[in-house]
Amino acid sequence: MSPDVDLTVPKPGRHALRDRLLALDCRLFETAAARNWPLAEPVLPRLSRSANHGVLWFAA
């Protein structure tokens with residue numbers, strides 16, 4: 001029998017690109033979350049509801 005291996009844990013080593021992309025993603029999220037988006041307020045709840053049950057993916 002082989003031991004259980006957790007494939008979700010990143011292996012130690014060179015992950016510089018992944019780390020930079022994750023840091024960029026975090027900065028973009030923080031920037032977008034800090035902004036005031038008055039025109040997005042009526043759109044985003046509808047967009048979120050349309051994503052339920054894959055409707056948004058089907059439309060795409």
# chains A, B, ... in the order shown; residues from 1 in each chain; ligands from 1

call {"tool": "select_by_dssp", "arguments": {"residues": "chain A", "states": "alpha helix (DSSP H)", "output": "mmCIF file with all heavy atoms, in the first residue's frame"}}
result
data_model
loop_
_atom_site.group_PDB
_atom_site.id
_atom_site.type_symbol
_atom_site.label_atom_id
_atom_site.label_comp_id
_atom_site.auth_asym_id
_atom_site.auth_seq_id
_atom_site.Cartn_x
_atom_site.Cartn_y
_atom_site.Cartn_z
ATOM 1 N N ALA A 16 8.029 31.045 -8.179
ATOM 2 C CA ALA A 16 8.089 32.506 -8.208
ATOM 3 C C ALA A 16 6.960 33.085 -9.056
ATOM 4 O O ALA A 16 6.323 34.059 -8.661
ATOM 5 C CB ALA A 16 9.442 32.973 -8.731
ATOM 6 N N LEU A 17 6.703 32.493 -10.216
ATOM 7 C CA LEU A 17 5.650 33.011 -11.088
ATOM 8 C C LEU A 17 4.290 32.882 -10.419
ATOM 9 O O LEU A 17 3.499 33.828 -10.407
ATOM 10 C CB LEU A 17 5.645 32.288 -12.429
ATOM 11 C CG LEU A 17 4.541 32.703 -13.398
ATOM 12 C CD1 LEU A 17 4.662 34.174 -13.743
ATOM 13 C CD2 LEU A 17 4.576 31.846 -14.648
ATOM 14 N N ARG A 18 4.017 31.725 -9.829
ATOM 15 C CA ARG A 18 2.748 31.531 -9.141
ATOM 16 C C ARG A 18 2.591 32.517 -7.996
ATOM 17 O O ARG A 18 1.529 33.121 -7.819
ATOM 18 C CB ARG A 18 2.638 30.105 -8.604
ATOM 19 C CG ARG A 18 1.277 29.844 -7.961
ATOM 20 C CD ARG A 18 1.259 28.659 -7.070
ATOM 21 N NE ARG A 18 2.157 28.921 -5.960
ATOM 22 C CZ ARG A 18 2.715 27.971 -5.233
ATOM 23 N NH1 ARG A 18 2.488 26.727 -5.474
ATOM 24 N NH2 ARG A 18 3.515 28.277 -4.243
ATOM 25 N N ASP A 19 3.646 32.715 -7.235
ATOM 26 C CA ASP A 19 3.585 33.646 -6.110
ATOM 27 C C ASP A 19 3.345 35.070 -6.584
ATOM 28 O O ASP A 19 2.576 35.817 -5.984
ATOM 29 C CB ASP A 19 4.868 33.564 -5.285
ATOM 30 C CG ASP A 19 5.015 32.220 -4.582
ATOM 31 O OD1 ASP A 19 4.008 31.499 -4.445
ATOM 32 O OD2 ASP A 19 6.155 31.897 -4.178
ATOM 33 N N ARG A 20 3.999 35.467 -7.693
ATOM 34 C CA ARG A 20 3.785 36.813 -8.228
ATOM 35 C C ARG A 20 2.361 36.981 -8.742
ATOM 36 O O ARG A 20 1.741 38.027 -8.557
ATOM 37 C CB ARG A 20 4.784 37.112 -9.347
ATOM 38 C CG ARG A 20 6.183 37.369 -8.831
ATOM 39 C CD ARG A 20 7.066 38.044 -9.859
ATOM 40 N NE ARG A 20 6.954 37.505 -11.189
ATOM 41 C CZ ARG A 20 7.856 36.744 -11.804
ATOM 42 N NH1 ARG A 20 8.955 36.412 -11.162
ATOM 43 N NH2 ARG A 20 7.676 36.324 -13.029
ATOM 44 N N LEU A 21 1.825 35.943 -9.395
ATOM 45 C CA LEU A 21 0.456 36.028 -9.899
ATOM 46 C C LEU A 21 -0.554 36.105 -8.761
ATOM 47 O O LEU A 21 -1.529 36.847 -8.832
ATOM 48 C CB LEU A 21 0.144 34.844 -10.812
ATOM 49 C CG LEU A 21 0.839 34.866 -12.165
ATOM 50 C CD1 LEU A 21 0.569 33.559 -12.908
ATOM 51 C CD2 LEU A 21 0.391 36.050 -12.978
ATOM 52 N N LEU A 22 -0.325 35.345 -7.704
ATOM 53 C CA LEU A 22 -1.210 35.410 -6.545
ATOM 54 C C LEU A 22 -1.147 36.782 -5.879
ATOM 55 O O LEU A 22 -2.176 37.319 -5.463
ATOM 56 C CB LEU A 22 -0.860 34.310 -5.536
ATOM 57 C CG LEU A 22 -1.259 32.900 -5.941
ATOM 58 C CD1 LEU A 22 -0.706 31.883 -4.939
ATOM 59 C CD2 LEU A 22 -2.756 32.772 -6.054
ATOM 60 N N ALA A 23 0.042 37.358 -5.791
ATOM 61 C CA ALA A 23 0.176 38.692 -5.198
ATOM 62 C C ALA A 23 -0.522 39.735 -6.075
ATOM 63 O O ALA A 23 -1.197 40.626 -5.559
ATOM 64 C CB ALA A 23 1.655 39.042 -5.027
ATOM 65 N N LEU A 24 -0.389 39.612 -7.395
ATOM 66 C CA LEU A 24 -1.067 40.530 -8.309
ATOM 67 C C LEU A 24 -2.577 40.393 -8.185
ATOM 68 O O LEU A 24 -3.301 41.395 -8.125
ATOM 69 C CB LEU A 24 -0.636 40.259 -9.745
ATOM 70 C CG LEU A 24 -1.362 41.052 -10.830
ATOM 71 C CD1 LEU A 24 -1.095 42.538 -10.672
ATOM 72 C CD2 LEU A 24 -0.959 40.558 -12.203
ATOM 73 N N ASP A 25 -3.059 39.162 -8.106
ATOM 74 C CA ASP A 25 -4.492 38.929 -7.949
ATOM 75 C C ASP A 25 -5.010 39.563 -6.671
ATOM 76 O O ASP A 25 -6.066 40.197 -6.666
ATOM 77 C CB ASP A 25 -4.770 37.425 -7.956
ATOM 78 C CG ASP A 25 -6.234 37.112 -7.811
ATOM 79 O OD1 ASP A 25 -7.035 37.611 -8.636
ATOM 80 O OD2 ASP A 25 -6.593 36.368 -6.878
ATOM 81 N N CYS A 26 -4.260 39.433 -5.603
ATOM 82 C CA CYS A 26 -4.665 40.011 -4.322
ATOM 83 C C CYS A 26 -4.703 41.534 -4.415
ATOM 84 O O CYS A 26 -5.652 42.165 -3.940
ATOM 85 C CB CYS A 26 -3.699 39.555 -3.232
ATOM 86 S SG CYS A 26 -4.170 40.105 -1.593
ATOM 87 N N ARG A 27 -3.680 42.142 -5.048
ATOM 88 C CA ARG A 27 -3.662 43.598 -5.187
ATOM 89 C C ARG A 27 -4.818 44.084 -6.047
ATOM 90 O O ARG A 27 -5.455 45.096 -5.737
ATOM 91 C CB ARG A 27 -2.335 44.056 -5.790
ATOM 92 C CG ARG A 27 -1.179 44.008 -4.809
ATOM 93 C CD ARG A 27 0.034 44.765 -5.296
ATOM 94 N NE ARG A 27 0.443 44.445 -6.656
ATOM 95 C CZ ARG A 27 1.305 43.487 -6.996
ATOM 96 N NH1 ARG A 27 1.849 42.740 -6.050
ATOM 97 N NH2 ARG A 27 1.627 43.278 -8.250
ATOM 98 N N LEU A 28 -5.108 43.385 -7.135
ATOM 99 C CA LEU A 28 -6.229 43.779 -7.993
ATOM 100 C C LEU A 28 -7.553 43.686 -7.248
ATOM 101 O O LEU A 28 -8.413 44.557 -7.371
ATOM 102 C CB LEU A 28 -6.260 42.918 -9.256
ATOM 103 C CG LEU A 28 -5.169 43.184 -10.269
ATOM 104 C CD1 LEU A 28 -5.211 42.135 -11.377
ATOM 105 C CD2 LEU A 28 -5.302 44.575 -10.842
ATOM 106 N N PHE A 29 -7.729 42.619 -6.469
ATOM 107 C CA PHE A 29 -8.950 42.464 -5.687
ATOM 108 C C PHE A 29 -9.091 43.597 -4.683
ATOM 109 O O PHE A 29 -10.166 44.196 -4.563
ATOM 110 C CB PHE A 29 -8.960 41.114 -4.970
ATOM 111 C CG PHE A 29 -10.149 40.955 -4.072
ATOM 112 C CD1 PHE A 29 -11.373 40.598 -4.582
ATOM 113 C CD2 PHE A 29 -10.040 41.198 -2.707
ATOM 114 C CE1 PHE A 29 -12.481 40.471 -3.755
ATOM 115 C CE2 PHE A 29 -11.130 41.073 -1.872
ATOM 116 C CZ PHE A 29 -12.352 40.706 -2.404
ATOM 117 N N GLU A 30 -8.021 43.899 -3.959
ATOM 118 C CA GLU A 30 -8.069 44.966 -2.959
ATOM 119 C C GLU A 30 -8.368 46.314 -3.606
ATOM 120 O O GLU A 30 -9.131 47.113 -3.066
ATOM 121 C CB GLU A 30 -6.756 45.026 -2.179
ATOM 122 C CG GLU A 30 -6.513 43.821 -1.294
ATOM 123 C CD GLU A 30 -7.539 43.680 -0.187
ATOM 124 O OE1 GLU A 30 -8.046 44.709 0.297
ATOM 125 O OE2 GLU A 30 -7.833 42.547 0.197
ATOM 126 N N THR A 31 -7.792 46.564 -4.773
ATOM 127 C CA THR A 31 -8.030 47.821 -5.477
ATOM 128 C C THR A 31 -9.487 47.928 -5.908
ATOM 129 O O THR A 31 -10.135 48.966 -5.728
ATOM 130 C CB THR A 31 -7.113 47.937 -6.706
ATOM 131 O OG1 THR A 31 -5.756 47.876 -6.257
ATOM 132 C CG2 THR A 31 -7.339 49.234 -7.444
ATOM 133 N N ALA A 32 -10.008 46.861 -6.481
ATOM 134 C CA ALA A 32 -11.404 46.872 -6.925
ATOM 135 C C ALA A 32 -12.360 46.978 -5.742
ATOM 136 O O ALA A 32 -13.379 47.667 -5.818
ATOM 137 C CB ALA A 32 -11.705 45.617 -7.735
ATOM 138 N N ALA A 33 -12.034 46.311 -4.641
ATOM 139 C CA ALA A 33 -12.913 46.336 -3.466
ATOM 140 C C ALA A 33 -12.920 47.708 -2.808
ATOM 141 O O ALA A 33 -13.931 48.110 -2.209
ATOM 142 C CB ALA A 33 -12.474 45.274 -2.461
ATOM 143 N N ALA A 34 -11.827 48.457 -2.925
ATOM 144 C CA ALA A 34 -11.741 49.762 -2.280
ATOM 145 C C ALA A 34 -12.420 50.867 -3.089
ATOM 146 O O ALA A 34 -12.737 51.913 -2.547
ATOM 147 C CB ALA A 34 -10.275 50.134 -2.051
ATOM 148 N N VAL A 43 -26.080 46.258 -11.351
ATOM 149 C CA VAL A 43 -25.712 45.199 -12.300
ATOM 150 C C VAL A 43 -25.188 43.952 -11.595
ATOM 151 O O VAL A 43 -25.544 42.828 -11.962
ATOM 152 C CB VAL A 43 -24.657 45.731 -13.292
ATOM 153 C CG1 VAL A 43 -24.165 44.627 -14.203
ATOM 154 C CG2 VAL A 43 -25.230 46.882 -14.097
ATOM 155 N N LEU A 44 -24.332 44.126 -10.606
ATOM 156 C CA LEU A 44 -23.653 42.986 -9.996
ATOM 157 C C LEU A 44 -24.591 41.985 -9.317
ATOM 158 O O LEU A 44 -24.378 40.773 -9.466
ATOM 159 C CB LEU A 44 -22.568 43.464 -9.041
ATOM 160 C CG LEU A 44 -21.366 44.124 -9.729
ATOM 161 C CD1 LEU A 44 -20.350 44.586 -8.700
ATOM 162 C CD2 LEU A 44 -20.740 43.201 -10.742
ATOM 163 N N PRO A 45 -25.625 42.399 -8.591
ATOM 164 C CA PRO A 45 -26.532 41.385 -8.035
ATOM 165 C C PRO A 45 -27.224 40.552 -9.127
ATOM 166 O O PRO A 45 -27.372 39.343 -8.991
ATOM 167 C CB PRO A 45 -27.553 42.196 -7.239
ATOM 168 C CG PRO A 45 -26.844 43.450 -6.896
ATOM 169 C CD PRO A 45 -25.939 43.736 -8.061
ATOM 170 N N ARG A 46 -27.600 41.191 -10.214
ATOM 171 C CA ARG A 46 -28.224 40.451 -11.316
ATOM 172 C C ARG A 46 -27.230 39.489 -11.961
ATOM 173 O O ARG A 46 -27.577 38.360 -12.300
ATOM 174 C CB ARG A 46 -28.764 41.415 -12.369
ATOM 175 C CG ARG A 46 -29.939 42.205 -11.891
ATOM 176 C CD ARG A 46 -30.439 43.133 -12.969
ATOM 177 N NE ARG A 46 -31.522 43.962 -12.456
ATOM 178 C CZ ARG A 46 -31.706 45.218 -12.773
ATOM 179 N NH1 ARG A 46 -30.895 45.810 -13.624
ATOM 180 N NH2 ARG A 46 -32.702 45.891 -12.262
ATOM 181 N N LEU A 47 -26.010 39.953 -12.134
ATOM 182 C CA LEU A 47 -24.975 39.102 -12.704
ATOM 183 C C LEU A 47 -24.698 37.912 -11.794
ATOM 184 O O LEU A 47 -24.554 36.775 -12.263
ATOM 185 C CB LEU A 47 -23.702 39.919 -12.912
ATOM 186 C CG LEU A 47 -22.549 39.223 -13.604
ATOM 187 C CD1 LEU A 47 -22.938 38.826 -15.022
ATOM 188 C CD2 LEU A 47 -21.337 40.123 -13.618
ATOM 189 N N SER A 48 -24.677 38.147 -10.503
ATOM 190 C CA SER A 48 -24.454 37.067 -9.549
ATOM 191 C C SER A 48 -25.585 36.045 -9.598
ATOM 192 O O SER A 48 -25.351 34.836 -9.601
ATOM 193 C CB SER A 48 -24.326 37.640 -8.146
ATOM 194 O OG SER A 48 -24.141 36.621 -7.204
ATOM 195 N N ARG A 49 -26.833 36.536 -9.644
ATOM 196 C CA ARG A 49 -27.958 35.607 -9.731
ATOM 197 C C ARG A 49 -27.945 34.828 -11.038
ATOM 198 O O ARG A 49 -28.330 33.667 -11.091
ATOM 199 C CB ARG A 49 -29.275 36.370 -9.581
ATOM 200 C CG ARG A 49 -29.617 36.698 -8.148
ATOM 201 C CD ARG A 49 -31.046 37.194 -8.005
ATOM 202 N NE ARG A 49 -31.318 38.382 -8.804
ATOM 203 C CZ ARG A 49 -31.106 39.641 -8.409
ATOM 204 N NH1 ARG A 49 -30.607 39.865 -7.215
ATOM 205 N NH2 ARG A 49 -31.392 40.653 -9.196
ATOM 206 N N SER A 50 -27.488 35.464 -12.124
ATOM 207 C CA SER A 50 -27.459 34.763 -13.406
ATOM 208 C C SER A 50 -26.396 33.669 -13.423
ATOM 209 O O SER A 50 -26.450 32.758 -14.243
ATOM 210 C CB SER A 50 -27.224 35.739 -14.553
ATOM 211 O OG SER A 50 -25.910 36.241 -14.521
ATOM 212 N N VAL A 55 -26.227 29.320 -15.593
ATOM 213 C CA VAL A 55 -26.896 30.112 -16.626
ATOM 214 C C VAL A 55 -25.886 31.066 -17.284
ATOM 215 O O VAL A 55 -25.879 31.218 -18.515
ATOM 216 C CB VAL A 55 -28.082 30.892 -16.047
ATOM 217 C CG1 VAL A 55 -28.681 31.831 -17.078
ATOM 218 C CG2 VAL A 55 -29.132 29.920 -15.534
ATOM 219 N N LEU A 56 -25.027 31.677 -16.497
ATOM 220 C CA LEU A 56 -24.050 32.606 -17.045
ATOM 221 C C LEU A 56 -23.078 31.876 -17.984
ATOM 222 O O LEU A 56 -22.748 32.383 -19.061
ATOM 223 C CB LEU A 56 -23.284 33.294 -15.924
ATOM 224 C CG LEU A 56 -22.298 34.378 -16.320
ATOM 225 C CD1 LEU A 56 -23.030 35.520 -17.030
ATOM 226 C CD2 LEU A 56 -21.570 34.905 -15.111
ATOM 227 N N TRP A 57 -22.639 30.691 -17.600
ATOM 228 C CA TRP A 57 -21.736 29.921 -18.463
ATOM 229 C C TRP A 57 -22.432 29.521 -19.748
ATOM 230 O O TRP A 57 -21.824 29.533 -20.809
ATOM 231 C CB TRP A 57 -21.227 28.687 -17.735
ATOM 232 C CG TRP A 57 -20.226 29.026 -16.686
ATOM 233 C CD1 TRP A 57 -20.380 28.922 -15.340
ATOM 234 C CD2 TRP A 57 -18.910 29.549 -16.884
ATOM 235 N NE1 TRP A 57 -19.247 29.349 -14.688
ATOM 236 C CE2 TRP A 57 -18.331 29.727 -15.632
ATOM 237 C CE3 TRP A 57 -18.175 29.884 -18.016
ATOM 238 C CZ2 TRP A 57 -17.050 30.230 -15.457
ATOM 239 C CZ3 TRP A 57 -16.891 30.378 -17.851
ATOM 240 C CH2 TRP A 57 -16.335 30.543 -16.586
ATOM 241 N N PHE A 58 -23.676 29.164 -19.672
ATOM 242 C CA PHE A 58 -24.414 28.779 -20.872
ATOM 243 C C PHE A 58 -24.541 29.981 -21.807
ATOM 244 O O PHE A 58 -24.371 29.853 -23.021
ATOM 245 C CB PHE A 58 -25.817 28.262 -20.512
ATOM 246 C CG PHE A 58 -26.597 27.807 -21.683
ATOM 247 C CD1 PHE A 58 -26.269 26.635 -22.345
ATOM 248 C CD2 PHE A 58 -27.653 28.556 -22.152
ATOM 249 C CE1 PHE A 58 -26.992 26.215 -23.446
ATOM 250 C CE2 PHE A 58 -28.380 28.156 -23.252
ATOM 251 C CZ PHE A 58 -28.056 26.980 -23.901
ATOM 252 N N ALA A 59 -24.779 31.152 -21.262
ATOM 253 C CA ALA A 59 -24.903 32.356 -22.087
ATOM 254 C C ALA A 59 -23.569 32.717 -22.728
ATOM 255 O O ALA A 59 -23.525 33.191 -23.853
ATOM 256 C CB ALA A 59 -25.421 33.522 -21.239
#
